[in-house]
file run33.cif (mmCIF, C-alpha atoms and all ligand atoms)
data_upload
loop_
_atom_site.label_atom_id
_atom_site.label_comp_id
_atom_site.auth_asym_id
_atom_site.auth_seq_id
_atom_site.Cartn_x
_atom_site.Cartn_y
_atom_site.Cartn_z
CA MET A 1 19.45 9.13 5.56
CA PRO A 2 19.08 5.30 5.80
CA SER A 3 17.77 3.74 2.59
CA ILE A 4 14.46 1.91 2.85
CA PRO A 5 14.82 -1.90 2.69
CA THR A 6 13.15 -3.74 -0.16
CA ILE A 7 11.20 -6.97 -0.66
CA THR A 8 11.70 -8.95 -3.87
CA LEU A 9 8.43 -9.52 -5.73
CA ASN A 10 7.52 -12.77 -7.52
CA ASP A 11 8.64 -11.18 -10.83
CA GLY A 12 12.11 -10.39 -9.44
CA ALA A 13 11.57 -6.62 -9.01
CA LYS A 14 12.33 -5.00 -5.66
CA ILE A 15 9.79 -2.85 -3.79
CA PRO A 16 10.65 -0.51 -0.87
CA VAL A 17 8.82 -1.72 2.25
CA ILE A 18 7.38 1.68 3.15
CA GLY A 19 5.52 3.83 0.62
CA PHE A 20 4.05 7.34 0.72
CA GLY A 21 0.35 7.39 -0.23
CA THR A 22 -1.35 10.18 -2.15
CA GLY A 23 -4.93 9.12 -1.38
CA THR A 24 -7.08 9.60 1.75
CA ALA A 25 -6.28 13.12 3.03
CA LEU A 26 -4.62 14.09 -0.28
CA ARG A 27 -7.41 12.80 -2.52
CA ASP A 28 -8.82 15.53 -4.84
CA LYS A 29 -6.13 17.89 -3.53
CA ASP A 30 -2.87 19.25 -4.92
CA ALA A 31 -0.41 16.69 -3.53
CA ALA A 32 2.77 18.31 -4.88
CA ALA A 33 4.02 19.87 -1.64
CA SER A 34 3.30 16.71 0.37
CA VAL A 35 5.05 14.46 -2.16
CA GLU A 36 8.06 16.81 -2.37
CA GLN A 37 8.27 16.80 1.44
CA ALA A 38 8.10 13.00 1.53
CA LEU A 39 10.82 12.65 -1.11
CA LYS A 40 13.08 15.12 0.71
CA SER A 41 12.53 13.17 3.94
CA GLY A 42 13.73 9.92 2.37
CA PHE A 43 10.64 8.22 0.94
CA THR A 44 11.39 6.71 -2.47
CA HIS A 45 8.13 4.82 -2.98
CA ILE A 46 5.06 6.81 -4.04
CA ASP A 47 1.58 5.27 -4.19
CA ALA A 48 -0.76 7.09 -6.60
CA ALA A 49 -4.09 6.28 -8.23
CA GLN A 50 -6.30 7.52 -11.04
CA ILE A 51 -9.22 8.01 -8.61
CA TYR A 52 -7.19 10.20 -6.26
CA ASN A 53 -7.68 12.86 -8.92
CA ASN A 54 -4.26 14.39 -8.20
CA GLU A 55 -1.81 12.52 -10.45
CA SER A 56 -0.79 15.75 -12.24
CA SER A 57 0.33 17.27 -8.94
CA VAL A 58 2.15 14.04 -8.01
CA GLY A 59 3.87 14.26 -11.42
CA ALA A 60 4.82 17.89 -10.78
CA ALA A 61 6.50 16.86 -7.51
CA LEU A 62 8.35 13.96 -9.18
CA GLY A 63 9.54 16.30 -11.95
CA ALA A 64 10.74 18.92 -9.46
CA SER A 65 12.50 16.39 -7.23
CA ALA A 66 16.26 15.94 -7.17
CA VAL A 67 15.64 12.21 -6.83
CA ASP A 68 16.32 10.47 -10.16
CA ARG A 69 13.40 8.49 -11.64
CA SER A 70 15.55 5.35 -11.50
CA GLN A 71 15.70 5.71 -7.69
CA LEU A 72 11.95 6.10 -7.34
CA TYR A 73 9.34 3.36 -6.99
CA LEU A 74 6.08 4.57 -8.52
CA THR A 75 2.70 2.85 -8.33
CA THR A 76 -0.58 3.91 -9.85
CA LYS A 77 -3.94 2.17 -10.15
CA TYR A 78 -6.70 1.57 -12.67
CA GLY A 79 -9.94 3.17 -11.48
CA GLY A 80 -12.36 2.42 -14.33
CA GLY A 81 -14.10 4.97 -16.52
CA GLY A 82 -12.32 4.01 -19.75
CA THR A 83 -10.40 0.96 -20.88
CA VAL A 84 -7.32 -0.13 -18.93
CA SER A 85 -5.08 1.03 -21.79
CA GLU A 86 -6.76 4.46 -22.07
CA GLU A 87 -6.69 5.13 -18.32
CA PHE A 88 -3.14 3.84 -17.94
CA HIS A 89 -1.82 6.18 -20.65
CA THR A 90 -3.70 9.12 -19.11
CA SER A 91 -2.06 8.28 -15.78
CA LEU A 92 1.41 8.12 -17.38
CA SER A 93 0.85 11.48 -19.03
CA LYS A 94 -0.37 13.13 -15.79
CA LEU A 95 2.49 11.62 -13.80
CA GLY A 96 4.97 12.79 -16.45
CA VAL A 97 6.66 9.39 -16.76
CA THR A 98 7.09 6.83 -19.53
CA SER A 99 6.50 3.79 -17.31
CA VAL A 100 5.55 2.88 -13.75
CA ASP A 101 6.98 0.28 -11.39
CA LEU A 102 3.64 -1.18 -10.36
CA TYR A 103 0.15 -0.95 -11.86
CA LEU A 104 -2.81 -2.22 -9.83
CA ILE A 105 -6.48 -2.81 -10.53
CA HIS A 106 -7.68 -0.55 -7.72
CA HIS A 107 -10.85 -2.43 -6.82
CA PRO A 108 -12.66 -5.48 -8.23
CA GLN A 109 -15.75 -3.29 -8.68
CA PHE A 110 -13.90 -0.84 -10.94
CA VAL A 111 -13.53 -3.28 -13.83
CA ASP A 112 -16.91 -2.66 -15.51
CA LYS A 113 -18.24 -4.98 -18.23
CA GLN A 114 -14.80 -6.35 -19.12
CA GLY A 115 -14.87 -8.24 -15.81
CA ILE A 116 -11.92 -9.10 -13.59
CA GLU A 117 -10.55 -11.53 -16.21
CA GLY A 118 -10.72 -9.00 -19.07
CA ALA A 119 -9.19 -6.18 -17.05
CA TRP A 120 -6.38 -8.44 -15.87
CA ALA A 121 -5.61 -9.54 -19.45
CA ASP A 122 -5.30 -5.84 -20.39
CA VAL A 123 -3.01 -5.14 -17.43
CA GLU A 124 -0.84 -8.09 -18.51
CA LYS A 125 -0.48 -6.47 -21.94
CA LEU A 126 0.90 -3.28 -20.36
CA GLN A 127 3.53 -5.34 -18.57
CA ALA A 128 4.40 -7.26 -21.72
CA ALA A 129 4.86 -3.91 -23.51
CA GLY A 130 7.36 -2.81 -20.83
CA LEU A 131 5.11 0.01 -19.60
CA THR A 132 4.92 -1.30 -16.03
CA THR A 133 7.51 -3.50 -14.35
CA SER A 134 5.07 -5.25 -12.03
CA ILE A 135 1.31 -5.75 -11.96
CA GLY A 136 -1.16 -6.47 -9.22
CA VAL A 137 -4.55 -5.93 -7.65
CA SER A 138 -6.07 -4.08 -4.70
CA ASN A 139 -9.01 -4.79 -2.42
CA PHE A 140 -9.30 -8.30 -3.97
CA SER A 141 -10.75 -11.10 -1.82
CA ALA A 142 -9.32 -14.63 -1.96
CA ALA A 143 -12.05 -15.63 -4.45
CA GLU A 144 -11.20 -12.64 -6.67
CA VAL A 145 -7.46 -13.36 -6.54
CA GLN A 146 -8.27 -16.96 -7.48
CA ARG A 147 -10.18 -15.73 -10.56
CA VAL A 148 -7.07 -13.85 -11.67
CA LEU A 149 -4.89 -16.92 -11.04
CA ASP A 150 -7.29 -19.16 -12.97
CA SER A 151 -7.67 -16.88 -15.99
CA GLY A 152 -4.36 -15.04 -16.22
CA LYS A 153 -0.99 -15.81 -17.70
CA VAL A 154 0.82 -13.77 -15.03
CA THR A 155 0.45 -14.17 -11.27
CA PRO A 156 -0.19 -10.79 -9.58
CA SER A 157 2.84 -9.51 -7.69
CA VAL A 158 0.86 -7.48 -5.14
CA ASN A 159 -2.55 -7.24 -3.46
CA GLN A 160 -2.98 -3.88 -1.69
CA ILE A 161 -5.57 -4.23 1.09
CA ARG A 162 -6.79 -2.60 4.28
CA PHE A 163 -4.66 -4.34 6.90
CA HIS A 164 -4.33 -3.74 10.64
CA PRO A 165 -4.44 -5.82 13.84
CA TYR A 166 -8.25 -5.73 14.07
CA ASN A 167 -8.84 -7.23 10.61
CA TYR A 168 -5.72 -9.44 10.45
CA SER A 169 -7.44 -12.65 11.55
CA SER A 170 -10.30 -12.09 9.08
CA HIS A 171 -7.76 -12.06 6.22
CA LYS A 172 -6.49 -15.59 7.03
CA ALA A 173 -7.65 -17.29 3.79
CA LEU A 174 -6.54 -14.36 1.63
CA LEU A 175 -3.11 -14.16 3.28
CA GLU A 176 -2.60 -17.91 2.87
CA LEU A 177 -3.47 -17.72 -0.84
CA CYS A 178 -1.17 -14.72 -1.35
CA SER A 179 1.64 -16.50 0.47
CA LYS A 180 1.16 -19.66 -1.61
CA HIS A 181 1.62 -17.65 -4.82
CA SER A 182 4.27 -15.27 -3.41
CA ILE A 183 1.89 -12.33 -3.83
CA VAL A 184 3.14 -9.52 -1.59
CA VAL A 185 0.49 -7.81 0.51
CA GLU A 186 0.58 -4.03 0.69
CA ALA A 187 -1.18 -2.55 3.75
CA PHE A 188 -3.21 0.61 3.86
CA GLY A 189 -5.09 1.78 6.97
CA ILE A 190 -2.40 0.31 9.22
CA LEU A 191 -2.94 3.13 11.74
CA ALA A 192 -6.70 2.39 12.07
CA PRO A 193 -6.32 1.29 15.73
CA ILE A 194 -5.18 4.87 16.45
CA THR A 195 -7.12 6.89 13.87
CA GLN A 196 -10.42 5.00 13.59
CA SER A 197 -10.75 2.55 16.48
CA PRO A 198 -8.98 4.09 19.48
CA GLY A 199 -9.53 2.69 22.96
CA GLY A 200 -9.71 -0.99 21.98
CA ALA A 201 -7.66 -3.95 23.16
CA VAL A 202 -4.80 -3.10 20.77
CA THR A 203 -4.35 0.39 22.25
CA SER A 204 -2.92 -0.62 25.61
CA VAL A 205 -0.68 -3.28 24.03
CA ILE A 206 0.89 -0.92 21.48
CA GLU A 207 1.27 1.82 24.11
CA SER A 208 3.11 -0.56 26.40
CA ILE A 209 5.41 -1.79 23.60
CA ALA A 210 6.00 1.82 22.49
CA LYS A 211 7.32 2.62 25.97
CA ARG A 212 9.71 -0.33 25.88
CA ILE A 213 11.17 0.57 22.47
CA ASN A 214 11.18 4.30 23.25
CA GLY A 215 8.95 4.82 20.23
CA THR A 216 5.33 5.68 19.47
CA PRO A 217 2.19 3.51 19.09
CA ALA A 218 2.15 4.35 15.35
CA GLN A 219 5.71 3.03 15.01
CA VAL A 220 4.68 -0.17 16.81
CA LEU A 221 1.85 -0.70 14.29
CA PHE A 222 4.25 -0.17 11.36
CA LYS A 223 6.75 -2.63 12.88
CA TRP A 224 3.98 -5.17 13.47
CA ALA A 225 2.97 -4.97 9.79
CA LEU A 226 6.57 -5.17 8.59
CA ALA A 227 7.06 -8.23 10.82
CA LYS A 228 4.20 -9.86 8.85
CA GLY A 229 6.18 -9.34 5.64
CA VAL A 230 3.82 -6.73 4.22
CA VAL A 231 4.67 -3.44 2.52
CA VAL A 232 3.22 -0.45 4.41
CA ILE A 233 1.57 2.42 2.53
CA THR A 234 0.98 5.41 4.78
CA THR A 235 0.68 9.16 4.43
CA THR A 236 0.86 12.49 6.26
CA ASN A 237 1.35 16.19 5.64
CA SER A 238 3.42 16.54 8.79
CA GLN A 239 7.23 16.61 8.75
CA SER A 240 7.46 15.22 12.28
CA ARG A 241 5.23 12.26 11.32
CA LEU A 242 7.30 11.57 8.19
CA ASP A 243 10.39 11.42 10.41
CA GLU A 244 8.50 9.25 12.91
CA TYR A 245 7.43 6.82 10.13
CA LEU A 246 10.95 6.43 8.69
CA ALA A 247 12.51 6.01 12.13
CA VAL A 248 10.78 2.61 12.40
CA LEU A 249 13.60 1.18 10.31
CA SER A 250 15.90 1.22 13.36
CA LEU A 251 13.35 -0.21 15.83
CA HIS A 252 12.70 -3.86 16.68
CA LEU A 253 9.77 -5.84 18.13
CA THR A 254 10.15 -9.26 19.71
CA GLU A 255 8.13 -12.24 18.50
CA THR A 256 6.25 -12.14 21.81
CA GLU A 257 5.27 -8.53 21.20
CA VAL A 258 4.06 -9.30 17.66
CA ALA A 259 1.99 -12.20 19.07
CA ALA A 260 0.54 -9.95 21.81
CA ILE A 261 -0.68 -7.51 19.12
CA ASP A 262 -2.18 -10.43 17.15
CA GLU A 263 -4.06 -11.60 20.25
CA ALA A 264 -5.36 -8.13 21.11
CA GLY A 265 -6.42 -7.56 17.49
CA ALA A 266 -8.32 -10.86 17.41
CA LEU A 267 -10.54 -9.55 20.24
CA GLY A 268 -12.06 -7.19 17.65
CA VAL A 269 -12.62 -3.45 17.29
CA PRO A 270 -14.16 -1.51 20.16
CA ALA A 271 -17.91 -0.89 19.72
CA SER A 272 -17.28 2.64 18.45
CA GLY A 273 -14.54 1.60 16.00
CA LYS A 274 -14.25 0.64 12.33
CA ALA A 275 -12.74 -2.62 11.06
N1 LIG B 1 -5.95 0.65 -2.40
C1 LIG B 1 -6.89 1.29 -1.72
O1 LIG B 1 -8.09 1.08 -1.91
C2 LIG B 1 -6.49 2.29 -0.71
C3 LIG B 1 -5.20 2.76 -0.69
N2 LIG B 1 -4.80 3.69 0.22
C4 LIG B 1 -3.41 4.18 0.11
O2 LIG B 1 -2.78 4.12 1.37
C5 LIG B 1 -2.39 5.43 1.79
C6 LIG B 1 -2.42 5.54 3.27
O3 LIG B 1 -3.73 5.24 3.73
P1 LIG B 1 -4.21 5.64 5.18
O4 LIG B 1 -5.35 4.75 5.49
O5 LIG B 1 -4.41 7.12 5.25
O6 LIG B 1 -2.92 5.29 6.05
P2 LIG B 1 -2.60 5.22 7.60
O7 LIG B 1 -3.46 4.22 8.30
O8 LIG B 1 -1.14 5.04 7.68
O9 LIG B 1 -3.05 6.63 8.18
C7 LIG B 1 -2.39 7.82 7.86
C8 LIG B 1 -3.12 8.96 8.57
O10 LIG B 1 -2.95 8.82 9.98
C9 LIG B 1 -2.57 10.08 10.53
N3 LIG B 1 -1.78 9.82 11.74
C10 LIG B 1 -0.52 9.37 11.82
N4 LIG B 1 -0.13 9.21 13.09
C11 LIG B 1 -1.18 9.58 13.84
C12 LIG B 1 -1.39 9.67 15.24
N5 LIG B 1 -0.44 9.33 16.12
N6 LIG B 1 -2.59 10.09 15.67
C13 LIG B 1 -3.57 10.43 14.80
N7 LIG B 1 -3.43 10.39 13.44
C14 LIG B 1 -2.24 9.97 12.98
C15 LIG B 1 -1.79 10.74 9.42
O11 LIG B 1 -1.71 12.12 9.58
C16 LIG B 1 -2.55 10.33 8.18
O12 LIG B 1 -3.64 11.21 7.95
C17 LIG B 1 -3.30 6.36 1.01
O13 LIG B 1 -2.80 7.68 0.90
C18 LIG B 1 -3.37 5.64 -0.32
O14 LIG B 1 -2.19 5.90 -1.06
C19 LIG B 1 -5.65 4.13 1.18
C20 LIG B 1 -6.96 3.71 1.22
C21 LIG B 1 -7.49 2.77 0.25
O1 LIG B 2 -7.60 4.12 -2.40
C1 LIG B 2 -8.52 4.09 -1.65
C2 LIG B 2 -9.91 4.24 -2.05
C3 LIG B 2 -10.77 3.82 -0.96
C4 LIG B 2 -11.14 4.63 0.06
N1 LIG B 2 -11.86 3.92 0.91
C5 LIG B 2 -11.94 2.65 0.47
C6 LIG B 2 -12.56 1.53 1.02
C7 LIG B 2 -12.46 0.35 0.37
C8 LIG B 2 -11.79 0.28 -0.82
C9 LIG B 2 -11.18 1.38 -1.38
C10 LIG B 2 -11.26 2.56 -0.71
#
call {"tool": "encode", "arguments": {"input": "run33.cif", "output": "structure tokens"}}
result
Amino acid sequence: MPSIPTITLNDGAKIPVIGFGTGTALRDKDAAASVEQALKSGFTHIDAAQIYNNESSVGAALGASAVDRSQLYLTTKYGGGGTVSEEFHTSLSKLGVTSVDLYLIHHPQFVDKQGIEGAWADVEKLQAAGLTTSIGVSNFSAAEVQRVLDSGKVTPSVNQIRFHPYNYSSHKALLELCSKHSIVVEAFGILAPITQSPGGAVTSVIESIAKRINGTPAQVLFKWALAKGVVVITTTNSQSRLDEYLAVLSLHLTETEVAAIDEAGALGVPASGKA
């Protein structure tokens, strides 16, 4: 089983470039079997969150796995409700771990009266206490990232955002700011051109590239995102899709193909689709 390559974050920690998500279809569900299947298939990076309401089942799968904690990359996210410290410790307890690799503020709207600045200061304290190796944000706009940069002592290591060819050009200012501060972008919703906006300009381009590389359109979208230097967070309950996702590691797109996907994406989602 080939090991998943890593990217080095701005704090020196290494993050596997593909992660298995426990939200979307697994939200509010027992995720144990799906996480166990992903770990057995070779995923070592698990993306959890307080609001997915399934951290205990994720923890059960981690506990049952033959994979040592030191070989796992575990993320969870602050979802509001209580203070950052309270919710973080509840997450640790549910996940059955003593620390995580990455803790994110899940959404700028989840920070309540403490505000973005107050929540970030609390997240920084968790890192200083050695309870999370890296810290970051999710669904933050460029203006919201700038507020963290202006108020914080620590630069976020990650911003996890919805990212696919149809919204890539709209992220220009955010991606430039993240790049300037070496903030790694994590992509969710990368398969939106297949799952939510089929039949648009991107479809024919990724189908044609898939034929050339003897792969699938989903694999082309993953490779496109990896070519942009982002970490891909995806999910599935299907063994064949897990194998399909991990097989991207041995595929290659040319610069011309990446540019062709950019151009098709910039034409926008089809009328029936979702950006
Ligand atoms: N930070 C945030 O606010 C958010 C984070 N996430 C994280 O990202 C993870 C992945 O998010 P998604 O948007 O679900 O990822 P995704 O865009 O990779 O889609 C995965 C879904 O596509 C389906 N799929 C795969 N290949 C397909 C094909 N050829 N045809 C049709 N369907 C296909 C899979 O079965 C799965 O349900 C979540 O589980 C969660 O961990 C997701 C949403 C928001
Ligand atoms: O983790 C994902 C939660 C979520 C689901 N849909 C959206 C849309 C925008 C931000 C977060 C989410």
call {"tool": "closest_residue", "arguments": {"input": "run33.cif", "among": "A:Leu174, A:Ala64, A:Val58, A:Ala259", "to": "ligand LIG 1 (chain B)", "atoms": "all atoms listed in the file"}}
result
A:Val58
call {"tool": "residues_near_ligand", "arguments": {"input": "run33.cif", "ligand": "ligand LIG 1 (chain B)", "cutoff": "8 Å", "atoms": "only C-alpha atoms and all ligand atoms", "output": "PyMOL selection string"}}
result
chain A and resi 20-27+46-49+106-107+138-139+160-162+187-192+194-195+216-218+232-238+241
call {"tool": "closest_atom_pairs", "arguments": {"input": "run33.cif", "of": "segment 95-192 of chain A", "to": "segment 8-11 of chain A", "cutoff": "12 Å", "atoms": "all atoms listed in the file", "output": "JSON lines"}}
result
{"residue": "A:Asp101", "atom": "CA", "partner": "A:Leu9", "partner_atom": "CA", "distance": 11.4}
{"residue": "A:Leu102", "atom": "CA", "partner": "A:Leu9", "partner_atom": "CA", "distance": 10.7}
{"residue": "A:Gln127", "atom": "CA", "partner": "A:Asp11", "partner_atom": "CA", "distance": 11.0}
{"residue": "A:Thr132", "atom": "CA", "partner": "A:Asp11", "partner_atom": "CA", "distance": 11.8}
{"residue": "A:Thr133", "atom": "CA", "partner": "A:Asp11", "partner_atom": "CA", "distance": 8.5}
{"residue": "A:Ser134", "atom": "CA", "partner": "A:Asp11", "partner_atom": "CA", "distance": 7.0}
{"residue": "A:Ile135", "atom": "CA", "partner": "A:Asp11", "partner_atom": "CA", "distance": 9.2}
{"residue": "A:Gly136", "atom": "CA", "partner": "A:Leu9", "partner_atom": "CA", "distance": 10.7}
{"residue": "A:Val154", "atom": "CA", "partner": "A:Asp11", "partner_atom": "CA", "distance": 9.2}
{"residue": "A:Thr155", "atom": "CA", "partner": "A:Asn10", "partner_atom": "CA", "distance": 8.1}
{"residue": "A:Pro156", "atom": "CA", "partner": "A:Asn10", "partner_atom": "CA", "distance": 8.2}
{"residue": "A:Ser157", "atom": "CA", "partner": "A:Asn10", "partner_atom": "CA", "distance": 5.7}
{"residue": "A:Val158", "atom": "CA", "partner": "A:Leu9", "partner_atom": "CA", "distance": 7.9}
{"residue": "A:Asn159", "atom": "CA", "partner": "A:Leu9", "partner_atom": "CA", "distance": 11.4}
{"residue": "A:Cys178", "atom": "CA", "partner": "A:Asn10", "partner_atom": "CA", "distance": 10.8}
{"residue": "A:Ser179", "atom": "CA", "partner": "A:Asn10", "partner_atom": "CA", "distance": 10.6}
{"residue": "A:Lys180", "atom": "CA", "partner": "A:Asn10", "partner_atom": "CA", "distance": 11.1}
{"residue": "A:His181", "atom": "CA", "partner": "A:Asn10", "partner_atom": "CA", "distance": 8.1}
{"residue": "A:Ser182", "atom": "CA", "partner": "A:Asn10", "partner_atom": "CA", "distance": 5.8}
{"residue": "A:Ile183", "atom": "CA", "partner": "A:Asn10", "partner_atom": "CA", "distance": 6.7}
{"residue": "A:Val184", "atom": "CA", "partner": "A:Leu9", "partner_atom": "CA", "distance": 6.7}
{"residue": "A:Val185", "atom": "CA", "partner": "A:Leu9", "partner_atom": "CA", "distance": 10.2}
{"residue": "A:Glu186", "atom": "CA", "partner": "A:Leu9", "partner_atom": "CA", "distance": 11.5}
call {"tool": "closest_residue", "arguments": {"input": "run33.cif", "among": "A:Gly152, A:Ser93, A:Ser99, A:Pro165", "to": "Glu263 of chain A", "atoms": "all atoms listed in the file"}}
result
A:Pro165
call {"tool": "closest_residue", "arguments": {"input": "run33.cif", "among": "A:Ser65, A:Ser34, A:Thr44, A:Gln109", "to": "ligand LIG 2 (chain B)", "atoms": "all atoms listed in the file"}}
result
A:Gln109
call {"tool": "residues_around", "arguments": {"input": "run33.cif", "residues": "Glu36 of chain A", "least_positions_apart": "2", "cutoff": "10 Å", "atoms": "only C-alpha atoms", "output": "list in words"}}
result
Ala31, Ala32, Ala33, Ser34, Ala38, Leu39, Lys40, Ser41, Phe43, Val58, Ala60, Ala61, Leu62, Gly63, Ala64, Ser65, Ala66 and Val67 of chain A
call {"tool": "atom_distance", "arguments": {"input": "run33.cif", "atom1": "atom CA of Thr98 of chain A", "atom2": "atom CA of Asp122 of chain A"}}
result
17.7 Å
call {"tool": "closest_residue", "arguments": {"input": "run33.cif", "among": "A:Met1, A:Ala275, A:Leu242, A:Leu149", "to": "ligand LIG 2 (chain B)", "atoms": "only C-alpha atoms and all ligand atoms"}}
result
A:Ala275
call {"tool": "closest_residue", "arguments": {"input": "run33.cif", "among": "A:Ser70, A:Ser56, A:Gln37, A:Thr75", "to": "ligand LIG 2 (chain B)", "atoms": "all atoms listed in the file"}}
result
A:Thr75
call {"tool": "closest_residue", "arguments": {"input": "run33.cif", "among": "A:Gly268, A:Pro108, A:Gly200, A:Gly130", "to": "ligand LIG 2 (chain B)", "atoms": "only C-alpha atoms and all ligand atoms"}}
result
A:Pro108
call {"tool": "residues_around", "arguments": {"input": "run33.cif", "residues": "Gly199 of chain A", "least_positions_apart": "4", "cutoff": "9 Å", "atoms": "only C-alpha atoms", "output": "PyMOL selection string"}}
result
chain A and resi 193-194+203-204+269-270+272-273
call {"tool": "residues_around", "arguments": {"input": "run33.cif", "residues": "segment 114-119 of chain A", "least_positions_apart": "2", "cutoff": "7 Å", "atoms": "only C-alpha atoms", "output": "list in words"}}
result
Val84, Pro108, Val111, Asp112, Ala121, Asp122, Val123, Val148 and Ser151 of chain A
call {"tool": "residues_around", "arguments": {"input": "run33.cif", "residues": "Asp28 of chain A", "least_positions_apart": "3", "cutoff": "6 Å", "atoms": "all atoms listed in the file", "output": "JSON, numbers by chain"}}
result
{"A": [52, 53, 54]}
call {"tool": "residues_around", "arguments": {"input": "run33.cif", "residues": "Leu253 of chain A", "least_positions_apart": "3", "cutoff": "12 Å", "atoms": "all atoms listed in the file", "output": "PyMOL selection string"}}
result
chain A and resi 206+208-215+219-228+248-250+256-261
call {"tool": "atom_distance", "arguments": {"input": "run33.cif", "atom1": "atom CA of Ser141 of chain A", "atom2": "atom CA of Leu175 of chain A"}}
result
9.7 Å
call {"tool": "atom_distance", "arguments": {"input": "run33.cif", "atom1": "atom CA of Val137 of chain A", "atom2": "atom CA of Tyr78 of chain A"}}
result
9.3 Å
call {"tool": "build_atoms", "arguments": {"input": "run33.cif", "residues": "segment 269-274 of chain A", "atoms": "all heavy atoms", "output": "PDB file, in the frame of the given file"}}
result
ATOM      1  N   VAL A 269     -12.604  -4.911  17.098  1.00  0.00           N
ATOM      2  CA  VAL A 269     -12.620  -3.450  17.290  1.00  0.00           C
ATOM      3  C   VAL A 269     -13.529  -3.088  18.446  1.00  0.00           C
ATOM      4  O   VAL A 269     -14.512  -3.788  18.700  1.00  0.00           O
ATOM      5  CB  VAL A 269     -13.129  -2.695  16.032  1.00  0.00           C
ATOM      6  CG1 VAL A 269     -12.102  -2.645  14.949  1.00  0.00           C
ATOM      7  CG2 VAL A 269     -14.437  -3.259  15.527  1.00  0.00           C
ATOM      8  N   PRO A 270     -13.229  -1.979  19.132  1.00  0.00           N
ATOM      9  CA  PRO A 270     -14.160  -1.510  20.160  1.00  0.00           C
ATOM     10  C   PRO A 270     -15.498  -1.138  19.494  1.00  0.00           C
ATOM     11  O   PRO A 270     -15.534  -0.874  18.284  1.00  0.00           O
ATOM     12  CB  PRO A 270     -13.465  -0.262  20.726  1.00  0.00           C
ATOM     13  CG  PRO A 270     -12.434   0.132  19.720  1.00  0.00           C
ATOM     14  CD  PRO A 270     -12.068  -1.110  18.980  1.00  0.00           C
ATOM     15  N   ALA A 271     -16.565  -1.099  20.279  1.00  0.00           N
ATOM     16  CA  ALA A 271     -17.910  -0.890  19.720  1.00  0.00           C
ATOM     17  C   ALA A 271     -17.985   0.356  18.846  1.00  0.00           C
ATOM     18  O   ALA A 271     -18.691   0.379  17.835  1.00  0.00           O
ATOM     19  CB  ALA A 271     -18.910  -0.792  20.867  1.00  0.00           C
ATOM     20  N   SER A 272     -17.220   1.375  19.195  1.00  0.00           N
ATOM     21  CA  SER A 272     -17.280   2.640  18.450  1.00  0.00           C
ATOM     22  C   SER A 272     -16.362   2.654  17.237  1.00  0.00           C
ATOM     23  O   SER A 272     -16.323   3.628  16.483  1.00  0.00           O
ATOM     24  CB  SER A 272     -16.856   3.780  19.378  1.00  0.00           C
ATOM     25  OG  SER A 272     -15.558   3.476  19.881  1.00  0.00           O
ATOM     26  N   GLY A 273     -15.599   1.565  17.021  1.00  0.00           N
ATOM     27  CA  GLY A 273     -14.540   1.600  16.000  1.00  0.00           C
ATOM     28  C   GLY A 273     -14.974   1.082  14.647  1.00  0.00           C
ATOM     29  O   GLY A 273     -16.130   0.705  14.433  1.00  0.00           O
ATOM     30  N   LYS A 274     -14.000   1.089  13.706  1.00  0.00           N
ATOM     31  CA  LYS A 274     -14.250   0.640  12.330  1.00  0.00           C
ATOM     32  C   LYS A 274     -13.226  -0.430  11.978  1.00  0.00           C
ATOM     33  O   LYS A 274     -12.026  -0.223  12.182  1.00  0.00           O
ATOM     34  CB  LYS A 274     -14.106   1.847  11.402  1.00  0.00           C
ATOM     35  CG  LYS A 274     -14.247   1.506   9.936  1.00  0.00           C
ATOM     36  CD  LYS A 274     -13.981   2.716   9.039  1.00  0.00           C
ATOM     37  CE  LYS A 274     -13.818   2.241   7.609  1.00  0.00           C
ATOM     38  NZ  LYS A 274     -13.294   3.237   6.716  1.00  0.00           N
TER      39      LYS A 274
END
